[in-house]
Amino acid sequence: MSTPILKATEIDKHFYKPVDFHVLKDINFEIEKGEFVSIMGKSGCGKSTLLYILSTMDTDYTGSLFLGGRNVTGLHQRELAKIRNAQIGFVFQFHYLLAEFTVLDNVMLPARKLGAKTDAQIRKDAMDKLELLGIASEAHKRANMISGGQKQRVAIARALINEPLIIMGDEPTGNLDSKNSENVFNIFTDLSKEKGLSLLVVTHDEDFAEKTDRIIRMEDGRIISHGRDEA
Amino acid sequence: MSRHRVIFDVTITHLTSRLKQSSIAALGVTFGIGTFITLMSFMTGLNELLDGLILNRTPHVRIYNEITPSDEQPVALSEAFEDAVNLIHSVKPKGSQERVHNALPMMARLADDPRVLGIAPQVKAPVFYLAGNIELNGIVSGIQPFDEKRLFNFGDYVTEGTPDDLAKNRNGILLGAGVATKMSLELGDRIQLSTARGVLVPLKVVGIFQSGLAEVDNIQSYVNISMAQQMLGEGTAYITDIQVKLHDIENAVPMAEEIRRNFKASAVDIKAANAQFETGTSIRNLITYAVSITLLIVAGFGIYNILNMLIYEKMNDIAILKATGFSGDDVRNIFIGQAMVIGIVGGLLGLLIGLVMSIMINQTPFETEALPTIKTFPVNFDWRFYLFGIVFALVSTFLAGYLPARKARKIDPVEIIRGQ
């Protein structure tokens with residue numbers, strides 16, 4: 001079996017404010033290359049908290065997290081920032097673009113931070129991604145001047161720019177109408193099927209989750225189903 | 001390269017998208033630095049002027065021969081009365097000349113001293129000014145016009161004619177303004193001087209000088225040193241005062257002490273002569289610095305405040321940047337960068353405003369009796385104020401930016417994203 005793209009072992013997390021709360025209990029799971037996985041669960045079951053740990057932004061936990069086979073637990077913030085930059089793409093519920101930059105600038109930003117290519121190449125790549133998502137015509141508009149569905153597609157383009165190992169989404173369709181929701185889902189499946197990209201999406205949307213390869217269900221901080229036959 | 005560029009681009013975009021706020025922050029710096037420079041230039045200009053009133057025309061060390069009774073009476077030297085108690089009544093000074101003894105060798109020696117900037121000998125003579133039937137008593141100083149001009153800014157006090165005219169005309173005289181008015185004399189008129197011994201000397205008025213002190217202007221006049229010696233019937237070795245100007249005024253006290261010891265002449269230093277004056281200068285400087293620094297600090301608080309607000313406004317951006325792989329240091333640098341851009345732009349504008357204000361003040365008419373050659377307010381255009389201003393602008397904006405930026409560095413993106 002090949003190395004999983006993402007592997008979590010024995011992850012535990014407490015919130016200490018306002019009172020001690022054991023939010024994640026003994027989380028163990030893996031995501032393989034090209035898998036499209038969704039995490040489902042009721043509000044407060046810890047699924048978003050888990051996603052932020054997996055994204056390396058939250059480092060206050062016990063257990064181990066492996067990304068592309070590398071243990072990233074306990075790495076310095078600076079290292080983690082590099083990992084996020086190069087290997088993880090994010091899509092959030094509320095689009096999260098830099099409002100004062102153009103669409104193109106928003107997409108280019110992570111690649112310019114990575115600094116692996118020249119600006120001209122990055123610009124071309126960014127245009128290609130926007131093309132892929134069908135919003136190349138909006139490239140030079142300011143990010144706060146486009147519609148919600150378009151913003152989410154820009155966010156996906158930005159998540160793709162550094163060719164990451166995995167894309168993580170926190171309710172990426174939660175704020176979109178069904179048509180745009182469908183649209184985003186199709187983009188995700190295409191990426192997973194055609195580009196072999198791994199995707200991990202936290203969602204409330206049962207219809208959305210049903211169509212993914214695998215559903216991890218959570219309840220009260222535990223994984224109750226891995227969505228695999230053997231589980 | 002691209003990695004730094006992108007940080008800089010974010011910095012600039014943040015600033016330009018909040019152009020009004022950024023401008024106000026920069027204007028705070030501009031105002032602070034501009035006022036600092038204006039205030040410093042003007043105040044030190046005034047100070048220099050006031051200092052100059054005294055320092056420029058006062059020799060750092062003045063050597064003269066004071067007529068005093070000798071400390072040792074002949075009886076003290078006699079062995080016969082060694083053990084006796086000698087009482088001498090009615091001691092009088094010995095009749096001697098007012099000249100400085102051995103003036104020429106002394107001057108040669110002083111001129112070689114590395115601490116000395118220059119020396120100017122004078123011959124003072126009490127005279128009567130005679131014009132028609134008026135007789136005024138006064139003092140004539142024989143001077144070397146070039147040295148006086150070079151060392152003591154003599155030219156600044158000559159309102160009509162120049163010291164050079166005196167140097168060119170051996171029979172010339174520079175009359176005190178008061179004397180000239182009283183005797184209704186003008187440039188080119190003739191005047192007769194009578195010395196204490198009754199020698200009459202006809203002289204031509206080549207200039208009028210005004211020191212600003214009425215008592216001086218009413219009695220003092222200047223002639224060439226050789227003319228003064230001639231009027232007194234003395235030779236070129238007859239010199240009543242030696243004025244010494246030093247490179248460093250701080251050497252005045254030890255120098256005067258040395259001269260008293262080595263040459264057995266009376267010597268007075270500028271500090272003993274003008275003790276009160278230095279206190280005034282240092283207090284004025286202190287006040288100027290205090291006010292200026294306060295202004296700059298107020299500007300610094302303004303920047304701190306605005307950047308703090310900006311960071312609260314940009315929480316969202318900070319979270320996105322961190323989520324997409326910008327490190328805490330990157331985010332901190334973005335905000336420090338914003339502070340520095342505000343500092344540089346505001347500071348440079350401040351320098352410009354300071355310069356313009358200084359020039360305007362320098363053009364403002366300012367006429368005073370005491371300073372005949374001053375027509376406008378004095379301004380000290382010292383490049384060091386500008387250097388200090390820009391350095392302070394950069395340092396204070398850096399500090400004002402650093403504290404909020406450090407906070408931005410620590411912001412947890414998860415909290416922002418979750419809180420939405």
# chains A, B, ... in the order shown; residues from 1 in each chain; ligands from 1
call {"tool": "interface_residues", "arguments": {"of": "chain A", "to": "chain B", "cutoff": "10 Å", "atoms": "only C-alpha atoms", "output": "number ranges by chain"}}
result
A: 48-49, 52-53, 55-58, 77-101, 105, 108-119, 158-159, 170
call {"tool": "select_by_dssp", "arguments": {"residues": "stretch 147-257 of chain B", "states": "strand (DSSP E or B)", "output": "MDAnalysis selection string"}}
result
chainID B and resid 158:160 172:176 190:195 200:209 220:224 241:246
call {"tool": "select_by_dssp", "arguments": {"residues": "stretch 7-219 of chain A", "states": "helix (DSSP H, G or I)", "output": "count of residues only"}}
result
87
call {"tool": "closest_atom_pairs", "arguments": {"of": "stretch 4-118 of chain A", "to": "stretch 177-192 of chain A", "cutoff": "7 Å", "atoms": "only C-alpha atoms", "output": "CSV"}}
result
residue,atom,partner,partner_atom,distance
A:Gly34,CA,A:Ser192,CA,5.3
A:Glu35,CA,A:Ser192,CA,6.6
A:Phe36,CA,A:Ser192,CA,6.4
call {"tool": "closest_residue", "arguments": {"among": "B:Thr294, B:Ser41, B:Gly176, B:Arg261", "to": "B:Ser211", "atoms": "only C-alpha atoms"}}
result
B:Gly176
call {"tool": "residues_around", "arguments": {"residues": "stretch 379-387 of chain B", "least_positions_apart": "5", "cutoff": "7 Å", "atoms": "only C-alpha atoms", "output": "ChimeraX atom specification"}}
result
/B:37,41-42,44-46,351,358,362
call {"tool": "residues_around", "arguments": {"residues": "stretch 135-141 of chain B", "least_positions_apart": "5", "cutoff": "6 Å", "atoms": "only C-alpha atoms", "output": "ChimeraX atom specification"}}
result
/B:123-130,219-222
call {"tool": "atom_distance", "arguments": {"atom1": "atom CA of B:Lys375", "atom2": "atom CA of B:Asn56"}}
result
18.3 Å
call {"tool": "closest_residue", "arguments": {"among": "A:Ile223, A:Pro172, A:Phe21, A:Leu67", "to": "A:Phe208", "atoms": "only C-alpha atoms"}}
result
A:Pro172
call {"tool": "decode", "arguments": {"residues": "stretch 9-54 of chain A", "atoms": "N, CA and C atoms", "output": "PDB file, in the first residue's frame"}}
result
ATOM      1  N   THR A   9      -2.965  10.043  13.809  1.00  0.00           N
ATOM      2  CA  THR A   9      -2.976   8.953  14.781  1.00  0.00           C
ATOM      3  C   THR A   9      -3.165   9.499  16.185  1.00  0.00           C
ATOM      4  N   GLU A  10      -4.131   8.951  16.855  1.00  0.00           N
ATOM      5  CA  GLU A  10      -4.399   9.218  18.277  1.00  0.00           C
ATOM      6  C   GLU A  10      -4.474  10.699  18.593  1.00  0.00           C
ATOM      7  N   ILE A  11      -5.206  11.438  17.803  1.00  0.00           N
ATOM      8  CA  ILE A  11      -5.294  12.878  18.052  1.00  0.00           C
ATOM      9  C   ILE A  11      -6.330  13.165  19.125  1.00  0.00           C
ATOM     10  N   ASP A  12      -5.871  13.885  20.138  1.00  0.00           N
ATOM     11  CA  ASP A  12      -6.724  14.310  21.244  1.00  0.00           C
ATOM     12  C   ASP A  12      -6.614  15.810  21.390  1.00  0.00           C
ATOM     13  N   LYS A  13      -7.731  16.438  21.692  1.00  0.00           N
ATOM     14  CA  LYS A  13      -7.655  17.884  21.942  1.00  0.00           C
ATOM     15  C   LYS A  13      -8.661  18.281  23.005  1.00  0.00           C
ATOM     16  N   HIS A  14      -8.182  19.213  23.869  1.00  0.00           N
ATOM     17  CA  HIS A  14      -9.058  19.771  24.901  1.00  0.00           C
ATOM     18  C   HIS A  14      -9.231  21.260  24.649  1.00  0.00           C
ATOM     19  N   PHE A  15     -10.399  21.747  24.933  1.00  0.00           N
ATOM     20  CA  PHE A  15     -10.556  23.205  25.095  1.00  0.00           C
ATOM     21  C   PHE A  15     -10.545  23.476  26.586  1.00  0.00           C
ATOM     22  N   TYR A  16      -9.794  24.445  27.022  1.00  0.00           N
ATOM     23  CA  TYR A  16      -9.722  24.701  28.465  1.00  0.00           C
ATOM     24  C   TYR A  16     -10.555  25.909  28.873  1.00  0.00           C
ATOM     25  N   LYS A  17     -11.003  26.657  27.884  1.00  0.00           N
ATOM     26  CA  LYS A  17     -11.822  27.821  28.213  1.00  0.00           C
ATOM     27  C   LYS A  17     -13.206  27.647  27.595  1.00  0.00           C
ATOM     28  N   PRO A  18     -14.266  27.938  28.266  1.00  0.00           N
ATOM     29  CA  PRO A  18     -14.296  28.415  29.665  1.00  0.00           C
ATOM     30  C   PRO A  18     -14.097  27.283  30.667  1.00  0.00           C
ATOM     31  N   VAL A  19     -14.438  26.044  30.262  1.00  0.00           N
ATOM     32  CA  VAL A  19     -14.175  24.914  31.160  1.00  0.00           C
ATOM     33  C   VAL A  19     -13.519  23.815  30.340  1.00  0.00           C
ATOM     34  N   ASP A  20     -12.869  22.900  31.019  1.00  0.00           N
ATOM     35  CA  ASP A  20     -12.194  21.809  30.318  1.00  0.00           C
ATOM     36  C   ASP A  20     -13.214  21.015  29.506  1.00  0.00           C
ATOM     37  N   PHE A  21     -12.930  20.898  28.205  1.00  0.00           N
ATOM     38  CA  PHE A  21     -13.855  20.190  27.332  1.00  0.00           C
ATOM     39  C   PHE A  21     -13.045  19.314  26.391  1.00  0.00           C
ATOM     40  N   HIS A  22     -13.289  18.040  26.436  1.00  0.00           N
ATOM     41  CA  HIS A  22     -12.524  17.097  25.617  1.00  0.00           C
ATOM     42  C   HIS A  22     -13.157  17.056  24.227  1.00  0.00           C
ATOM     43  N   VAL A  23     -12.657  17.850  23.311  1.00  0.00           N
ATOM     44  CA  VAL A  23     -13.365  18.053  22.052  1.00  0.00           C
ATOM     45  C   VAL A  23     -13.057  16.971  21.021  1.00  0.00           C
ATOM     46  N   LEU A  24     -11.806  16.466  20.994  1.00  0.00           N
ATOM     47  CA  LEU A  24     -11.478  15.370  20.062  1.00  0.00           C
ATOM     48  C   LEU A  24     -10.891  14.207  20.848  1.00  0.00           C
ATOM     49  N   LYS A  25     -11.415  13.024  20.570  1.00  0.00           N
ATOM     50  CA  LYS A  25     -10.992  11.858  21.353  1.00  0.00           C
ATOM     51  C   LYS A  25     -10.459  10.776  20.422  1.00  0.00           C
ATOM     52  N   ASP A  26      -9.151  10.534  20.525  1.00  0.00           N
ATOM     53  CA  ASP A  26      -8.516   9.405  19.858  1.00  0.00           C
ATOM     54  C   ASP A  26      -8.908   9.285  18.380  1.00  0.00           C
ATOM     55  N   ILE A  27      -8.558  10.320  17.623  1.00  0.00           N
ATOM     56  CA  ILE A  27      -8.890  10.331  16.197  1.00  0.00           C
ATOM     57  C   ILE A  27      -7.801   9.609  15.414  1.00  0.00           C
ATOM     58  N   ASN A  28      -8.185   8.596  14.655  1.00  0.00           N
ATOM     59  CA  ASN A  28      -7.249   7.879  13.789  1.00  0.00           C
ATOM     60  C   ASN A  28      -7.892   7.711  12.421  1.00  0.00           C
ATOM     61  N   PHE A  29      -7.238   8.222  11.384  1.00  0.00           N
ATOM     62  CA  PHE A  29      -7.723   7.904  10.041  1.00  0.00           C
ATOM     63  C   PHE A  29      -6.676   8.269   9.003  1.00  0.00           C
ATOM     64  N   GLU A  30      -6.903   7.844   7.791  1.00  0.00           N
ATOM     65  CA  GLU A  30      -5.952   8.093   6.702  1.00  0.00           C
ATOM     66  C   GLU A  30      -6.712   8.542   5.468  1.00  0.00           C
ATOM     67  N   ILE A  31      -6.042   9.283   4.625  1.00  0.00           N
ATOM     68  CA  ILE A  31      -6.622   9.628   3.326  1.00  0.00           C
ATOM     69  C   ILE A  31      -5.606   9.261   2.258  1.00  0.00           C
ATOM     70  N   GLU A  32      -6.043   8.530   1.280  1.00  0.00           N
ATOM     71  CA  GLU A  32      -5.146   8.087   0.206  1.00  0.00           C
ATOM     72  C   GLU A  32      -5.117   9.110  -0.912  1.00  0.00           C
ATOM     73  N   LYS A  33      -4.123   8.962  -1.749  1.00  0.00           N
ATOM     74  CA  LYS A  33      -4.014   9.850  -2.905  1.00  0.00           C
ATOM     75  C   LYS A  33      -5.241   9.701  -3.795  1.00  0.00           C
ATOM     76  N   GLY A  34      -5.780  10.841  -4.212  1.00  0.00           N
ATOM     77  CA  GLY A  34      -6.909  10.817  -5.142  1.00  0.00           C
ATOM     78  C   GLY A  34      -8.250  10.577  -4.482  1.00  0.00           C
ATOM     79  N   GLU A  35      -8.257  10.443  -3.162  1.00  0.00           N
ATOM     80  CA  GLU A  35      -9.519  10.194  -2.471  1.00  0.00           C
ATOM     81  C   GLU A  35     -10.271  11.499  -2.249  1.00  0.00           C
ATOM     82  N   PHE A  36     -11.572  11.431  -2.330  1.00  0.00           N
ATOM     83  CA  PHE A  36     -12.430  12.585  -2.049  1.00  0.00           C
ATOM     84  C   PHE A  36     -13.251  12.209  -0.819  1.00  0.00           C
ATOM     85  N   VAL A  37     -12.857  12.767   0.323  1.00  0.00           N
ATOM     86  CA  VAL A  37     -13.440  12.356   1.591  1.00  0.00           C
ATOM     87  C   VAL A  37     -14.222  13.501   2.187  1.00  0.00           C
ATOM     88  N   SER A  38     -15.378  13.195   2.760  1.00  0.00           N
ATOM     89  CA  SER A  38     -16.092  14.238   3.489  1.00  0.00           C
ATOM     90  C   SER A  38     -16.206  13.843   4.949  1.00  0.00           C
ATOM     91  N   ILE A  39     -16.218  14.849   5.807  1.00  0.00           N
ATOM     92  CA  ILE A  39     -16.427  14.609   7.232  1.00  0.00           C
ATOM     93  C   ILE A  39     -17.788  15.184   7.580  1.00  0.00           C
ATOM     94  N   MET A  40     -18.624  14.367   8.202  1.00  0.00           N
ATOM     95  CA  MET A  40     -19.951  14.843   8.574  1.00  0.00           C
ATOM     96  C   MET A  40     -20.163  14.668  10.060  1.00  0.00           C
ATOM     97  N   GLY A  41     -21.064  15.461  10.566  1.00  0.00           N
ATOM     98  CA  GLY A  41     -21.384  15.356  11.987  1.00  0.00           C
ATOM     99  C   GLY A  41     -22.187  16.558  12.396  1.00  0.00           C
ATOM    100  N   LYS A  42     -22.796  16.457  13.588  1.00  0.00           N
ATOM    101  CA  LYS A  42     -23.618  17.564  14.054  1.00  0.00           C
ATOM    102  C   LYS A  42     -22.733  18.730  14.463  1.00  0.00           C
ATOM    103  N   SER A  43     -23.337  19.891  14.581  1.00  0.00           N
ATOM    104  CA  SER A  43     -22.593  21.052  15.066  1.00  0.00           C
ATOM    105  C   SER A  43     -22.001  20.725  16.426  1.00  0.00           C
ATOM    106  N   GLY A  44     -20.738  21.129  16.601  1.00  0.00           N
ATOM    107  CA  GLY A  44     -20.117  20.943  17.907  1.00  0.00           C
ATOM    108  C   GLY A  44     -19.541  19.557  18.100  1.00  0.00           C
ATOM    109  N   CYS A  45     -19.556  18.723  17.084  1.00  0.00           N
ATOM    110  CA  CYS A  45     -18.999  17.381  17.260  1.00  0.00           C
ATOM    111  C   CYS A  45     -17.485  17.401  17.095  1.00  0.00           C
ATOM    112  N   GLY A  46     -16.954  18.545  16.684  1.00  0.00           N
ATOM    113  CA  GLY A  46     -15.490  18.663  16.612  1.00  0.00           C
ATOM    114  C   GLY A  46     -14.937  18.528  15.219  1.00  0.00           C
ATOM    115  N   LYS A  47     -15.805  18.509  14.210  1.00  0.00           N
ATOM    116  CA  LYS A  47     -15.293  18.262  12.861  1.00  0.00           C
ATOM    117  C   LYS A  47     -14.477  19.441  12.323  1.00  0.00           C
ATOM    118  N   SER A  48     -14.929  20.656  12.613  1.00  0.00           N
ATOM    119  CA  SER A  48     -14.133  21.813  12.165  1.00  0.00           C
ATOM    120  C   SER A  48     -12.818  21.880  12.925  1.00  0.00           C
ATOM    121  N   THR A  49     -12.902  21.619  14.243  1.00  0.00           N
ATOM    122  CA  THR A  49     -11.694  21.617  15.060  1.00  0.00           C
ATOM    123  C   THR A  49     -10.685  20.629  14.487  1.00  0.00           C
ATOM    124  N   LEU A  50     -11.163  19.480  14.096  1.00  0.00           N
ATOM    125  CA  LEU A  50     -10.281  18.466  13.510  1.00  0.00           C
ATOM    126  C   LEU A  50      -9.644  19.002  12.228  1.00  0.00           C
ATOM    127  N   LEU A  51     -10.480  19.640  11.411  1.00  0.00           N
ATOM    128  CA  LEU A  51      -9.963  20.146  10.137  1.00  0.00           C
ATOM    129  C   LEU A  51      -8.829  21.149  10.365  1.00  0.00           C
ATOM    130  N   TYR A  52      -8.987  22.008  11.385  1.00  0.00           N
ATOM    131  CA  TYR A  52      -7.944  23.013  11.628  1.00  0.00           C
ATOM    132  C   TYR A  52      -6.677  22.372  12.137  1.00  0.00           C
ATOM    133  N   ILE A  53      -6.820  21.251  12.873  1.00  0.00           N
ATOM    134  CA  ILE A  53      -5.617  20.527  13.284  1.00  0.00           C
ATOM    135  C   ILE A  53      -4.953  19.914  12.053  1.00  0.00           C
ATOM    136  N   LEU A  54      -5.773  19.296  11.191  1.00  0.00           N
ATOM    137  CA  LEU A  54      -5.220  18.664   9.991  1.00  0.00           C
ATOM    138  C   LEU A  54      -4.562  19.691   9.082  1.00  0.00           C
TER     139      LEU A  54
END
